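*Asks:* Following this line is model02.txt, made up of compact mmCIF, C-alpha atoms and all ligand atoms:
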```txt
# COMPACT_ATOMS: atom_id res chain seq x y z
CA MET A 22 137.30 65.96 48.81
CA SER A 23 136.22 65.70 52.43
CA THR A 24 134.21 62.64 53.36
CA SER A 25 133.19 63.96 56.80
CA LYS A 26 130.12 66.07 57.55
CA LYS A 27 130.67 68.95 59.96
CA GLY A 28 128.32 68.61 62.91
CA LEU A 29 127.15 65.25 61.46
CA GLU A 30 124.32 67.16 59.78
CA ASN A 31 121.70 64.77 58.37
CA ILE A 32 123.83 61.72 59.18
CA VAL A 33 121.62 58.86 60.35
CA ALA A 34 123.57 57.36 63.25
CA THR A 35 121.16 54.82 64.72
CA GLN A 36 117.66 53.37 64.55
CA SER A 37 115.21 54.28 67.28
CA ALA A 38 111.56 53.56 68.04
CA ILE A 39 111.21 56.31 70.64
CA SER A 40 110.53 59.54 68.79
CA SER A 41 110.61 60.78 65.23
CA ILE A 42 110.78 64.02 63.29
CA ILE A 43 109.34 63.46 59.84
CA ASP A 44 108.44 66.43 57.62
CA ASP A 45 108.68 68.73 60.66
CA GLN A 46 106.17 66.53 62.53
CA LEU A 47 107.37 65.39 65.95
CA SER A 48 105.90 62.26 67.46
CA TYR A 49 106.66 60.07 70.44
CA VAL A 50 106.26 56.35 69.62
CA GLY A 51 104.02 57.34 66.72
CA TYR A 52 101.76 59.68 68.73
CA LYS A 53 101.71 63.24 67.44
CA ILE A 54 103.15 65.84 69.81
CA ASP A 55 100.01 67.96 69.30
CA ASP A 56 97.79 65.24 70.74
CA LEU A 57 100.17 64.49 73.57
CA ALA A 58 100.66 68.16 74.50
CA GLU A 59 96.89 68.70 74.65
CA ASN A 60 95.95 65.54 76.51
CA SER A 61 98.77 63.85 78.41
CA SER A 62 100.27 64.06 81.82
CA PHE A 63 104.07 63.94 82.03
CA GLU A 64 103.80 60.57 83.82
CA GLU A 65 101.92 59.19 80.79
CA ILE A 66 104.77 60.37 78.57
CA ILE A 67 107.37 58.75 80.80
CA TYR A 68 105.44 55.48 80.58
CA LEU A 69 105.07 55.82 76.81
CA LEU A 70 108.77 56.51 76.22
CA TRP A 71 109.94 53.68 78.48
CA ASN A 72 107.44 51.06 77.38
CA GLN A 73 106.61 52.15 73.82
CA LYS A 74 102.89 52.07 74.63
CA LEU A 75 100.43 54.35 76.38
CA PRO A 76 99.56 53.14 79.89
CA THR A 77 96.23 51.82 81.05
CA GLN A 78 94.75 53.70 84.02
CA SER A 79 96.12 51.15 86.49
CA GLU A 80 99.59 51.17 84.89
CA LEU A 81 99.60 54.95 85.06
CA ASN A 82 98.46 54.95 88.69
CA ALA A 83 101.23 52.52 89.58
CA LEU A 84 103.91 54.65 87.89
CA LYS A 85 102.59 57.84 89.51
CA ALA A 86 102.68 56.23 92.93
CA ASP A 87 106.15 54.84 92.34
CA LEU A 88 107.50 58.23 91.24
CA ALA A 89 105.92 60.11 94.14
CA LYS A 90 107.24 57.50 96.61
CA ASN A 91 110.79 57.83 95.27
CA MET A 92 110.94 61.63 95.09
CA ASN A 93 112.73 62.09 98.39
CA ILE A 94 116.50 62.62 98.45
CA SER A 95 118.77 61.51 101.26
CA ASP A 96 120.48 63.78 103.79
CA ALA A 97 123.79 62.85 102.18
CA ILE A 98 122.68 64.45 98.90
CA VAL A 99 121.17 67.48 100.64
CA ASN A 100 124.36 68.02 102.67
CA HIS A 101 126.39 67.76 99.51
CA LEU A 102 124.24 70.42 97.82
CA ARG A 103 124.73 72.63 100.87
CA SER A 104 128.50 72.27 100.54
CA TYR A 105 128.66 73.85 97.07
CA ASP A 106 129.67 77.44 96.57
CA LEU A 107 126.07 78.58 96.47
CA ASN A 108 126.83 82.08 95.23
CA SER A 109 128.62 81.01 92.12
CA VAL A 110 127.81 77.42 91.15
CA HIS A 111 125.45 77.10 88.20
CA PRO A 112 122.46 74.83 88.91
CA MET A 113 123.35 72.72 85.84
CA ALA A 114 126.80 72.09 87.31
CA ALA A 115 125.19 71.25 90.64
CA LEU A 116 122.74 68.91 88.90
CA ARG A 117 125.49 67.20 86.89
CA THR A 118 127.41 66.54 90.11
CA ALA A 119 124.35 65.55 92.13
CA VAL A 120 123.23 62.98 89.54
CA SER A 121 126.69 61.44 89.70
CA LEU A 122 126.31 61.39 93.46
CA LEU A 123 122.90 59.71 93.24
CA GLY A 124 124.74 56.93 91.41
CA ILE A 125 127.31 56.63 94.17
CA TYR A 126 124.52 56.14 96.74
CA ASP A 127 122.55 53.71 94.53
CA GLU A 128 123.53 50.16 95.43
CA GLU A 129 122.22 48.95 92.07
CA ALA A 130 124.15 51.57 90.05
CA ASP A 131 126.30 48.96 88.31
CA VAL A 132 123.73 46.15 88.16
CA MET A 133 123.06 45.95 84.46
CA ASP A 134 120.03 43.63 84.16
CA GLU A 135 116.82 44.94 82.64
CA GLU A 136 114.74 44.87 85.82
CA ALA A 137 117.40 46.70 87.84
CA ASN A 138 117.69 49.30 85.09
CA LYS A 139 113.92 49.86 85.20
CA ARG A 140 114.01 50.30 88.98
CA LYS A 141 116.85 52.80 88.65
CA ALA A 142 114.95 54.63 85.92
CA VAL A 143 112.06 55.36 88.30
CA ARG A 144 114.35 56.38 91.12
CA ILE A 145 116.38 58.75 88.94
CA GLN A 146 113.34 60.30 87.26
CA ALA A 147 111.75 60.91 90.65
CA LYS A 148 114.85 62.22 92.40
CA ILE A 149 116.06 64.54 89.67
CA ALA A 150 113.07 66.85 90.25
CA ALA A 151 113.79 66.79 93.99
CA VAL A 152 117.46 67.66 93.42
CA VAL A 153 116.66 70.69 91.25
CA ALA A 154 114.06 71.96 93.73
CA ALA A 155 116.27 71.30 96.79
CA PHE A 156 119.26 73.08 95.25
CA ALA A 157 117.12 76.11 94.38
CA ARG A 158 115.79 76.32 97.94
CA ILE A 159 119.13 75.74 99.65
CA ARG A 160 120.81 78.55 97.77
CA ASP A 161 117.91 80.82 98.73
CA GLY A 162 118.65 79.98 102.37
CA LYS A 163 115.61 77.70 102.74
CA ASP A 164 115.22 74.05 103.69
CA PRO A 165 114.22 71.45 101.08
CA VAL A 166 110.54 70.49 101.04
CA GLN A 167 109.47 66.85 101.11
CA PRO A 168 107.17 65.81 98.22
CA LYS A 169 103.55 64.80 98.81
CA GLU A 170 102.50 61.37 97.62
CA ASN A 171 99.07 62.61 96.47
CA LEU A 172 100.49 65.19 94.05
CA SER A 173 101.32 64.69 90.37
CA TYR A 174 104.93 64.91 89.18
CA SER A 175 104.49 68.49 87.94
CA ALA A 176 102.61 69.64 91.04
CA ASN A 177 105.18 68.02 93.30
CA PHE A 178 108.02 69.71 91.47
CA LEU A 179 106.45 73.14 92.01
CA TYR A 180 105.54 72.25 95.59
CA MET A 181 109.12 71.20 96.37
CA LEU A 182 110.40 74.37 94.69
CA ASN A 183 108.07 76.90 96.29
CA GLY A 184 106.94 75.21 99.49
CA LYS A 185 103.27 75.75 98.68
CA GLU A 186 100.83 73.78 96.58
CA PRO A 187 100.64 75.30 93.09
CA GLU A 188 97.58 76.69 91.28
CA ASP A 189 96.07 74.52 88.52
CA ILE A 190 97.32 76.88 85.79
CA GLU A 191 100.88 76.58 87.10
CA VAL A 192 100.68 72.79 87.11
CA GLU A 193 99.23 72.86 83.60
CA ALA A 194 102.10 75.03 82.36
CA ILE A 195 104.84 72.88 83.89
CA ASN A 196 103.15 69.66 82.79
CA LYS A 197 102.94 70.93 79.21
CA ALA A 198 106.56 72.06 79.25
CA LEU A 199 107.68 68.68 80.59
CA VAL A 200 105.64 66.83 77.96
CA LEU A 201 107.06 68.98 75.13
CA HIS A 202 110.70 68.64 76.22
CA ALA A 203 110.65 64.92 77.02
CA ASP A 204 112.29 63.52 73.91
CA HIS A 205 113.63 64.70 70.60
CA GLU A 206 115.15 61.97 68.49
CA LEU A 207 118.95 62.10 68.27
CA ASN A 208 119.61 65.58 69.70
CA ALA A 209 123.11 66.29 71.03
CA SER A 210 122.52 65.28 74.66
CA THR A 211 120.65 62.09 73.76
CA PHE A 212 123.38 61.11 71.33
CA THR A 213 125.92 61.79 74.09
CA ALA A 214 124.02 59.51 76.48
CA ARG A 215 123.88 56.74 73.87
CA VAL A 216 127.59 57.02 73.06
CA CYS A 217 128.42 56.80 76.75
CA VAL A 218 126.30 53.74 77.58
CA ALA A 219 127.25 51.94 74.37
CA THR A 220 130.56 51.22 76.15
CA LEU A 221 128.28 49.35 78.60
CA SER A 222 128.80 52.04 81.20
CA ASP A 223 125.96 52.54 83.71
CA ILE A 224 122.81 54.69 83.45
CA TYR A 225 124.14 57.35 85.81
CA SER A 226 127.25 57.86 83.68
CA GLY A 227 125.05 58.24 80.58
CA LEU A 228 122.90 60.84 82.33
CA VAL A 229 125.85 62.82 83.67
CA ALA A 230 127.27 62.94 80.14
CA ALA A 231 123.89 64.02 78.76
CA ILE A 232 123.44 66.78 81.36
CA GLY A 233 126.86 68.10 80.39
CA ALA A 234 125.81 68.26 76.74
CA LEU A 235 122.43 69.85 77.49
CA LYS A 236 124.10 72.61 79.51
CA GLY A 237 125.64 74.26 76.44
CA PRO A 238 123.98 77.42 75.03
CA LEU A 239 123.59 75.91 71.55
CA HIS A 240 121.35 73.23 73.11
CA GLY A 241 119.34 73.34 76.37
CA GLY A 242 121.30 76.27 77.79
CA ALA A 243 119.61 78.54 75.24
CA ASN A 244 116.42 78.97 77.33
CA GLU A 245 118.28 80.70 80.16
CA ASN A 246 120.00 82.97 77.66
CA VAL A 247 116.69 83.87 76.02
CA MET A 248 115.43 85.25 79.33
CA LYS A 249 118.69 87.06 80.00
CA MET A 250 118.32 88.66 76.57
CA LEU A 251 114.71 89.72 77.26
CA LEU A 252 115.73 91.21 80.60
CA GLU A 253 118.61 93.04 78.97
CA ILE A 254 116.27 94.46 76.32
CA GLY A 255 114.01 95.57 79.15
CA GLU A 256 111.25 97.34 77.25
CA GLU A 257 109.28 96.47 74.14
CA GLU A 258 110.48 99.46 72.12
CA ASN A 259 114.12 98.37 72.54
CA ALA A 260 113.58 94.91 71.09
CA ILE A 261 114.03 95.51 67.36
CA PRO A 262 117.04 97.88 67.57
CA TYR A 263 118.71 95.36 69.94
CA ILE A 264 118.11 92.38 67.66
CA LYS A 265 119.06 94.35 64.54
CA GLU A 266 122.40 95.24 66.07
CA LYS A 267 123.05 91.66 67.17
CA LEU A 268 122.36 90.34 63.71
CA GLU A 269 124.51 93.03 62.11
CA ASN A 270 127.33 91.93 64.42
CA LYS A 271 126.73 88.33 63.32
CA GLU A 272 125.72 87.31 66.83
CA LYS A 273 123.25 84.51 67.36
CA ILE A 274 119.82 85.15 68.79
CA MET A 275 119.17 82.53 71.44
CA GLY A 276 116.05 80.43 71.00
CA MET A 277 116.09 80.89 67.22
CA GLY A 278 117.00 78.36 64.55
CA HIS A 279 117.25 74.59 64.62
CA ARG A 280 119.41 71.95 63.00
CA VAL A 281 116.47 69.78 61.92
CA TYR A 282 113.44 72.07 61.69
CA ARG A 283 113.80 74.63 58.95
CA ASP A 284 110.16 75.76 58.83
CA GLY A 285 109.48 75.86 62.55
CA ASP A 286 109.59 73.82 65.72
CA PRO A 287 106.16 72.24 66.30
CA ARG A 288 106.58 72.59 70.07
CA ALA A 289 107.00 76.36 69.99
CA LYS A 290 103.31 77.18 69.38
CA PHE A 291 102.21 75.51 72.63
CA LEU A 292 104.75 77.48 74.62
CA ARG A 293 103.86 80.67 72.72
CA ASP A 294 100.19 80.20 73.69
CA MET A 295 101.16 79.43 77.28
CA SER A 296 103.41 82.49 77.39
CA LYS A 297 100.55 84.68 76.16
CA GLN A 298 98.19 83.29 78.77
CA LEU A 299 100.61 83.45 81.71
CA THR A 300 102.13 86.85 80.98
CA LYS A 301 98.59 88.26 80.72
CA LEU A 302 97.61 86.64 83.99
CA THR A 303 100.63 88.05 85.79
CA GLY A 304 100.46 91.49 84.14
CA GLN A 305 103.82 90.94 82.41
CA GLU A 306 102.64 90.98 78.81
CA LYS A 307 105.76 92.83 77.73
CA TRP A 308 107.81 89.61 77.75
CA TYR A 309 105.33 87.98 75.39
CA ASN A 310 105.02 91.06 73.16
CA MET A 311 108.78 91.40 73.00
CA SER A 312 109.16 87.72 72.13
CA ILE A 313 106.62 87.99 69.33
CA ALA A 314 108.40 91.04 67.90
CA ILE A 315 111.79 89.26 68.00
CA GLU A 316 110.40 86.08 66.47
CA ASP A 317 108.80 88.00 63.60
CA TYR A 318 111.92 90.06 62.96
CA VAL A 319 114.35 87.13 62.97
CA LYS A 320 112.00 85.13 60.76
CA GLU A 321 111.70 87.95 58.27
CA HIS A 322 115.38 88.94 58.19
CA LYS A 323 117.15 85.60 58.72
CA GLY A 324 114.45 83.09 57.80
CA LEU A 325 114.91 81.47 61.21
CA PRO A 326 111.92 80.38 63.32
CA ALA A 327 111.71 80.09 67.11
CA ASN A 328 112.67 76.79 68.71
CA VAL A 329 111.37 75.14 71.89
CA ASP A 330 113.70 77.21 74.08
CA PHE A 331 112.36 80.59 72.98
CA TYR A 332 108.92 80.81 74.59
CA SER A 333 109.71 78.45 77.45
CA ALA A 334 111.75 81.36 78.83
CA SER A 335 108.80 83.73 79.32
CA VAL A 336 106.63 80.82 80.51
CA TYR A 337 109.04 79.91 83.33
CA HIS A 338 109.67 83.56 84.14
CA SER A 339 105.92 84.13 84.53
CA LEU A 340 105.86 81.26 87.00
CA GLY A 341 108.43 83.13 89.11
CA ILE A 342 111.25 80.69 88.31
CA GLU A 343 114.81 82.04 88.23
CA GLU A 344 116.51 81.99 84.80
CA ASP A 345 119.33 79.63 85.72
CA LEU A 346 116.77 76.96 86.68
CA PHE A 347 115.30 76.87 83.17
CA THR A 348 117.86 74.41 81.78
CA PRO A 349 117.67 72.15 84.85
CA ILE A 350 113.89 71.96 84.28
CA PHE A 351 114.62 70.95 80.71
CA ALA A 352 116.92 68.24 82.12
CA VAL A 353 114.18 67.02 84.49
CA SER A 354 111.94 66.46 81.49
CA ARG A 355 114.59 65.13 79.09
CA THR A 356 115.73 62.57 81.69
CA SER A 357 112.68 60.57 80.60
CA GLY A 358 113.89 60.58 76.99
CA TRP A 359 117.53 60.00 77.87
CA ILE A 360 116.57 56.96 79.95
CA ALA A 361 114.38 55.61 77.14
CA HIS A 362 117.30 55.92 74.71
CA ILE A 363 119.76 54.39 77.18
CA LEU A 364 117.47 51.37 77.66
CA GLU A 365 117.02 51.09 73.90
CA GLN A 366 120.78 51.24 73.42
CA TYR A 367 121.37 48.47 76.00
CA ALA A 368 118.70 46.29 74.39
CA ASP A 369 120.58 46.08 71.09
CA ASN A 370 124.02 47.42 71.82
CA ARG A 371 127.07 47.92 69.70
CA LEU A 372 129.97 50.18 70.67
CA ILE A 373 129.61 53.58 68.98
CA ARG A 374 132.94 54.38 67.44
CA PRO A 375 132.93 56.43 64.24
CA ARG A 376 136.07 57.49 62.35
CA ALA A 377 137.72 60.88 61.91
CA GLU A 378 139.05 62.11 58.61
CA TYR A 379 142.66 63.04 59.36
CA ASN A 380 143.65 66.53 58.22
CA GLY A 381 146.94 66.98 60.12
CA PRO A 382 150.49 66.88 58.73
CA ASP A 383 151.79 64.00 56.61
CA LEU A 384 154.00 61.38 58.26
CA GLN A 385 157.12 63.11 59.60
CA GLU A 386 160.55 62.11 60.87
CA TYR A 387 160.73 62.02 64.69
CA VAL A 388 163.27 64.57 65.94
CA SER A 389 164.90 64.03 69.33
CA ILE A 390 164.27 66.80 71.89
CA GLU A 391 167.90 67.99 71.77
CA GLN A 392 167.65 68.63 68.05
CA ARG A 393 164.32 70.52 68.03
CA GLY A 394 164.64 74.21 67.13
C1 LIG B 401 116.50 72.38 72.52
C2 LIG B 401 117.47 72.86 71.56
O1 LIG B 401 118.60 72.50 71.64
S1 LIG B 401 116.92 73.87 70.35
C3 LIG B 401 118.34 74.86 69.90
C4 LIG B 401 118.71 75.79 71.01
N1 LIG B 401 119.80 76.66 70.64
C5 LIG B 401 119.64 77.95 70.35
O2 LIG B 401 118.54 78.47 70.37
C6 LIG B 401 120.89 78.71 70.04
C7 LIG B 401 120.71 79.59 68.81
N2 LIG B 401 120.62 78.78 67.63
C8 LIG B 401 121.75 78.27 67.05
O3 LIG B 401 122.87 78.48 67.50
C9 LIG B 401 121.58 77.37 65.82
O4 LIG B 401 120.43 77.75 65.11
C10 LIG B 401 121.53 75.88 66.17
C11 LIG B 401 122.74 75.52 67.02
C12 LIG B 401 120.28 75.56 66.93
C13 LIG B 401 121.54 75.07 64.88
O5 LIG B 401 122.78 75.25 64.34
P1 LIG B 401 123.21 74.77 62.88
O6 LIG B 401 122.25 73.84 62.30
O7 LIG B 401 124.62 74.33 62.99
O8 LIG B 401 123.11 76.10 62.04
P2 LIG B 401 124.28 77.09 61.78
O9 LIG B 401 124.86 77.56 63.07
O10 LIG B 401 125.21 76.44 60.79
O11 LIG B 401 123.49 78.26 61.12
C14 LIG B 401 123.29 78.46 59.73
C15 LIG B 401 123.27 79.97 59.49
O12 LIG B 401 122.20 80.56 60.25
C16 LIG B 401 122.72 81.46 61.22
N3 LIG B 401 122.03 81.25 62.48
C17 LIG B 401 121.63 80.07 62.99
N4 LIG B 401 121.01 80.25 64.14
C18 LIG B 401 121.01 81.59 64.36
C19 LIG B 401 120.51 82.38 65.39
N5 LIG B 401 119.90 81.84 66.45
N6 LIG B 401 120.68 83.71 65.30
C20 LIG B 401 121.29 84.27 64.23
N7 LIG B 401 121.79 83.55 63.21
C21 LIG B 401 121.65 82.22 63.29
C22 LIG B 401 124.19 81.08 61.37
O13 LIG B 401 124.98 82.16 61.84
C23 LIG B 401 124.54 80.66 59.96
O14 LIG B 401 124.68 81.82 59.19
P3 LIG B 401 125.77 81.89 58.01
O15 LIG B 401 125.36 80.82 57.05
O16 LIG B 401 125.64 83.26 57.53
O17 LIG B 401 127.09 81.59 58.66
O1 LIG B 402 116.96 68.21 68.44
C1 LIG B 402 117.80 69.09 68.67
O2 LIG B 402 118.83 69.25 68.00
C2 LIG B 402 117.61 70.03 69.78
C3 LIG B 402 116.22 70.04 70.33
O3 LIG B 402 115.34 70.68 69.80
C4 LIG B 402 115.93 69.23 71.49
O4 LIG B 402 116.81 68.51 71.98
O5 LIG B 402 114.78 69.26 71.97
```
Using structure tokens, write down the structure from this file.
Ligand SMILES: CC(=O)SCCNC(=O)CCNC(=O)[C@H](O)C(C)(C)COP(=O)(O)OP(=O)(O)OC[C@H]1O[C@@H](n2cnc3c(N)ncnc32)[C@H](O)[C@@H]1OP(=O)(O)O
Ligand SMILES: O=C([O-])CC(=O)C(=O)O
*Replies:*
Amino acid sequence: MSTSKKGLENIVATQSAISSIIDDQLSYVGYKIDDLAENSSFEEIIYLLWNQKLPTQSELNALKADLAKNMNISDAIVNHLRSYDLNSVHPMAALRTAVSLLGIYDEEADVMDEEANKRKAVRIQAKIAAVVAAFARIRDGKDPVQPKENLSYSANFLYMLNGKEPEDIEVEAINKALVLHADHELNASTFTARVCVATLSDIYSGLVAAIGALKGPLHGGANENVMKMLLEIGEEENAIPYIKEKLENKEKIMGMGHRVYRDGDPRAKFLRDMSKQLTKLTGQEKWYNMSIAIEDYVKEHKGLPANVDFYSASVYHSLGIEEDLFTPIFAVSRTSGWIAHILEQYADNRLIRPRAEYNGPDLQEYVSIEQRG
């Protein structure tokens, strides 16, 4: 009988004090996601995940100032982004490469002490938003926009992306999305980051590995595919026939289902509400109505609820953001969680090296190349 578990389902692979999913309740450092989503800024969440405590006002102010100050990216990075094949490169591929490049230009990249790692954490968290925004502008034929030190992380991200200061509702939506995506226990990309740095490799390597894992459509890449699906469906009345056919063909509906949550992802309701509000505001209610119809149908016929990626799609679309930037935005948020896990891994490290159950041929006689048929 097999001793391995496909996909490591329900295998507990490490201890962590950063976030937990217990009885479908998600919390960061013991604070319920519902409270955090309603009340916190993304900067507060970053502080919480990295320090395992909520910040005081002065600690928060210091982190905000530090992030805003570090949000610029050098000409070397910008020129590199310009050199990509802008018509075909996916922004997640650009981001994966650019984060590696940030490491090359960071003199402390391989300095492994705790203080240096904390300094790098702030620089990376700040610059990753600037990289995503700069890439988006460059491929649209525009110049990157410098951040403003008086703006919050979320406002600065939208400012760098669009070149104009965002409305409060836009900042609220992005802030909430960043808070909700920040960490999620031992998801695939976080596990990847931990495996990578458990060899005592550097933070940048861990993040590049994590971005690669997040890019896949079974993980963070699902949000882009949700929007592509909605656009393909086009009109509300097409939604159910389209989904019915997909399910009959045993195809997966993106944004539905979850390895850990069986009764529903607690983050989805906040994005559902935000989608309702924003699509109404922009006169694009059909994306919300279509999403509701799909969610209900898939729940009824497959017993699968929506995950965090499902409604984030119509939220970002309502903000005028292109679909292929959805997963990079996820990465901007999850960088906070990845870094928290990387620091936690360093603090009590042991090489991660599981075993594989061999299922190949039995031992065989070696046959020289001349005698092989
Ligand atoms: C931030 C995140 O990463 S959240 C997840 C984002 N990913 C997606 O939204 C992609 C769509 N969802 C999926 O592919 C899956 O639900 C996953 C990857 C999230 C979880 O996968 P697993 O736990 O391995 O579930 P698994 O793939 O074994 O599914 C179990 C059954 O439900 C079906 N199923 C699972 N998800 C879906 C879906 N979205 N649409 C249709 N059927 C589905 C499977 O086909 C399988 O059916 P079967 O037993 O008849 O073969
Ligand atoms: O936990 C998972 O498997 C995927 C997920 O929802 C996330 O990373 O936010």
*Asks:* Throw together the list of residues within 10 Å of ligand LIG 402 (chain B), counting only C-alpha atoms and all ligand atoms, and drop it here as a PyMOL selection string.
*Replies:* chain A and resi 42+201-212+235+239-241+276+278-282+286-288+328-330+351+355+358
*Asks:* As a PyMOL selection string, please: the residues near Val153 of chain A (cut-off 8 Å, only C-alpha atoms, same-chain neighbours under 2 positions excluded).
*Replies:* chain A and resi 112+116+149-151+155-157+346+349-350
*Asks:* Considering only C-alpha atoms and all ligand atoms, can you say which of A:Asn246, A:Asn171, A:Thr220, A:Asn370 comes closest to ligand LIG 401 (chain B)?
*Replies:*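 Among the listed residues, the smallest separation from ligand LIG 401 (chain B) belongs to A:Asn246.
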*Asks:* May I ask for the distance between atom P2 of ligand LIG 401 (chain B) and atom CA of Lys236 of chain A, given in Å to one decimal place?
*Replies:* 18.3 Å
*Asks:* Between A:Glu193, A:Glu258, A:Glu253, A:Glu365, which residue has the minimum interatomic distance to Asn138 of chain A, considering only C-alpha atoms?
*Replies:*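 Closest residue, counting only C-alpha atoms: A:Glu365.
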*Asks:* Excluding segment 174-182 of chain A and its own-chain neighbours fewer than 3 positions away, which residues fall within 9 Å of it when counting all atoms listed in the file? Please give them as a PyMOL selection string.
*Replies:* chain A and resi 62-64+85+88-89+92+147+150-151+153-158+165-171+185-189+191-196+199
*Asks:* Compile the contact shell of segment 304-320 of chain A as a PyMOL selection string: residues with an atom at most 10 Å away, counting all atoms listed in the file, same-chain residues fewer than 2 positions apart removed.
*Replies:* chain A and resi 247-248+251-252+254-261+263-265+268+274+276-278+284-285+293-302+322-328+331-332+334-336+338-339
*Asks:* Padding 5 Å on every side, please: axis-aligned box over the listed atoms of ligand LIG 401 (chain B), centre and edge lengths to one decimal in Å, as JSON.
*Replies:*
```
{"center_x": 121.8, "center_y": 78.3, "center_z": 64.8, "size_x": 20.6, "size_y": 21.9, "size_z": 25.5}
```
*Asks:* Excluding segment 126-130 of chain A and residues on its chain fewer than 6 positions from it, collect all residues at most 9 Å away from it, counting only C-alpha atoms, and give them as a ChimeraX atom specification.
*Replies:* /A:97-98,137-138,140-141,223-225
*Asks:* Record the distance separating atom CA of Ser40 of chain A and atom CA of Ser121 of chain A, expressed in Å with one decimal.
*Replies:*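 Atom-to-atom, atom CA of Ser40 of chain A and atom CA of Ser121 of chain A are spaced 26.5 Å apart.
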*Asks:* Taking into account all atoms listed in the file, which residue in the set A:Lys197, A:Glu391, A:Glu272, A:Gly381 is nearest to Ser333 of chain A?
*Replies:*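 When distances to Ser333 of chain A are compared using all atoms listed in the file, the smallest one comes from A:Lys197.
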*Asks:* Pick the closest to ligand LIG 401 (chain B) from A:Ile39, A:Leu364, A:Ala289, A:Leu384: which is it, counting all atoms listed in the file?
*Replies:*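 Nearest to ligand LIG 401 (chain B): A:Ala289.
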*Asks:* Which one is closest to Leu84 of chain A: A:Tyr105, A:Asn100, A:Ala34, A:Lys139? Count only C-alpha atoms.
*Replies:*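 Smallest separation from Leu84 of chain A among the options: A:Lys139.
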*Asks:* My list of candidates is A:Val200, A:Asp45, A:Lys53, A:Ala119. Which is closest to Ser354 of chain A when distances are computed with only C-alpha atoms?
*Replies:*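 Closest to Ser354 of chain A, using only C-alpha atoms: A:Val200.
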*Asks:* Which residues, written as a PyMOL selection string, have at least one atom at most 7 Å from Val229 of chain A, with all atoms listed in the file counted and residues fewer than 2 positions away on the same chain left out?
*Replies:* chain A and resi 117+120-121+225-227+231-233
*Asks:* Keeping only C-alpha atoms, write the selected residues as a PDB file, keeping the file's coordinate frame.
*Replies:*
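Okay, out13.pdb is ready:
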```pdb
ATOM      1  CA  ARG A 117     125.490  67.200  86.890  1.00  0.00           C
ATOM      2  CA  VAL A 120     123.230  62.980  89.540  1.00  0.00           C
ATOM      3  CA  SER A 121     126.690  61.440  89.700  1.00  0.00           C
ATOM      4  CA  TYR A 225     124.140  57.350  85.810  1.00  0.00           C
ATOM      5  CA  SER A 226     127.250  57.860  83.680  1.00  0.00           C
ATOM      6  CA  GLY A 227     125.050  58.240  80.580  1.00  0.00           C
ATOM      7  CA  ALA A 231     123.890  64.020  78.760  1.00  0.00           C
ATOM      8  CA  ILE A 232     123.440  66.780  81.360  1.00  0.00           C
ATOM      9  CA  GLY A 233     126.860  68.100  80.390  1.00  0.00           C
TER      10      GLY A 233
END
```
*Asks:* Quick one: segment 203-218 of chain A from the block, C-alpha atoms, as a compact mmCIF listing (two decimals), in the first residue's frame.
*Replies:*
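Everything below was put into decode_37.txt:
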```
# COMPACT_ATOMS: atom_id res chain seq x y z
CA ALA A 203 -1.33 38.73 2.35
CA ASP A 204 -0.85 35.30 3.87
CA HIS A 205 -2.42 31.88 3.78
CA GLU A 206 -0.64 29.30 5.88
CA LEU A 207 1.29 26.71 3.86
CA ASN A 208 -0.11 27.37 0.37
CA ALA A 209 1.96 26.17 -2.60
CA SER A 210 3.97 29.35 -3.18
CA THR A 211 4.74 29.87 0.51
CA PHE A 212 5.84 26.26 0.84
CA THR A 213 8.04 26.77 -2.22
CA ALA A 214 9.64 29.83 -0.64
CA ARG A 215 10.31 27.93 2.59
CA VAL A 216 11.81 24.94 0.78
CA CYS A 217 14.11 27.27 -1.15
CA VAL A 218 15.43 29.27 1.80
```
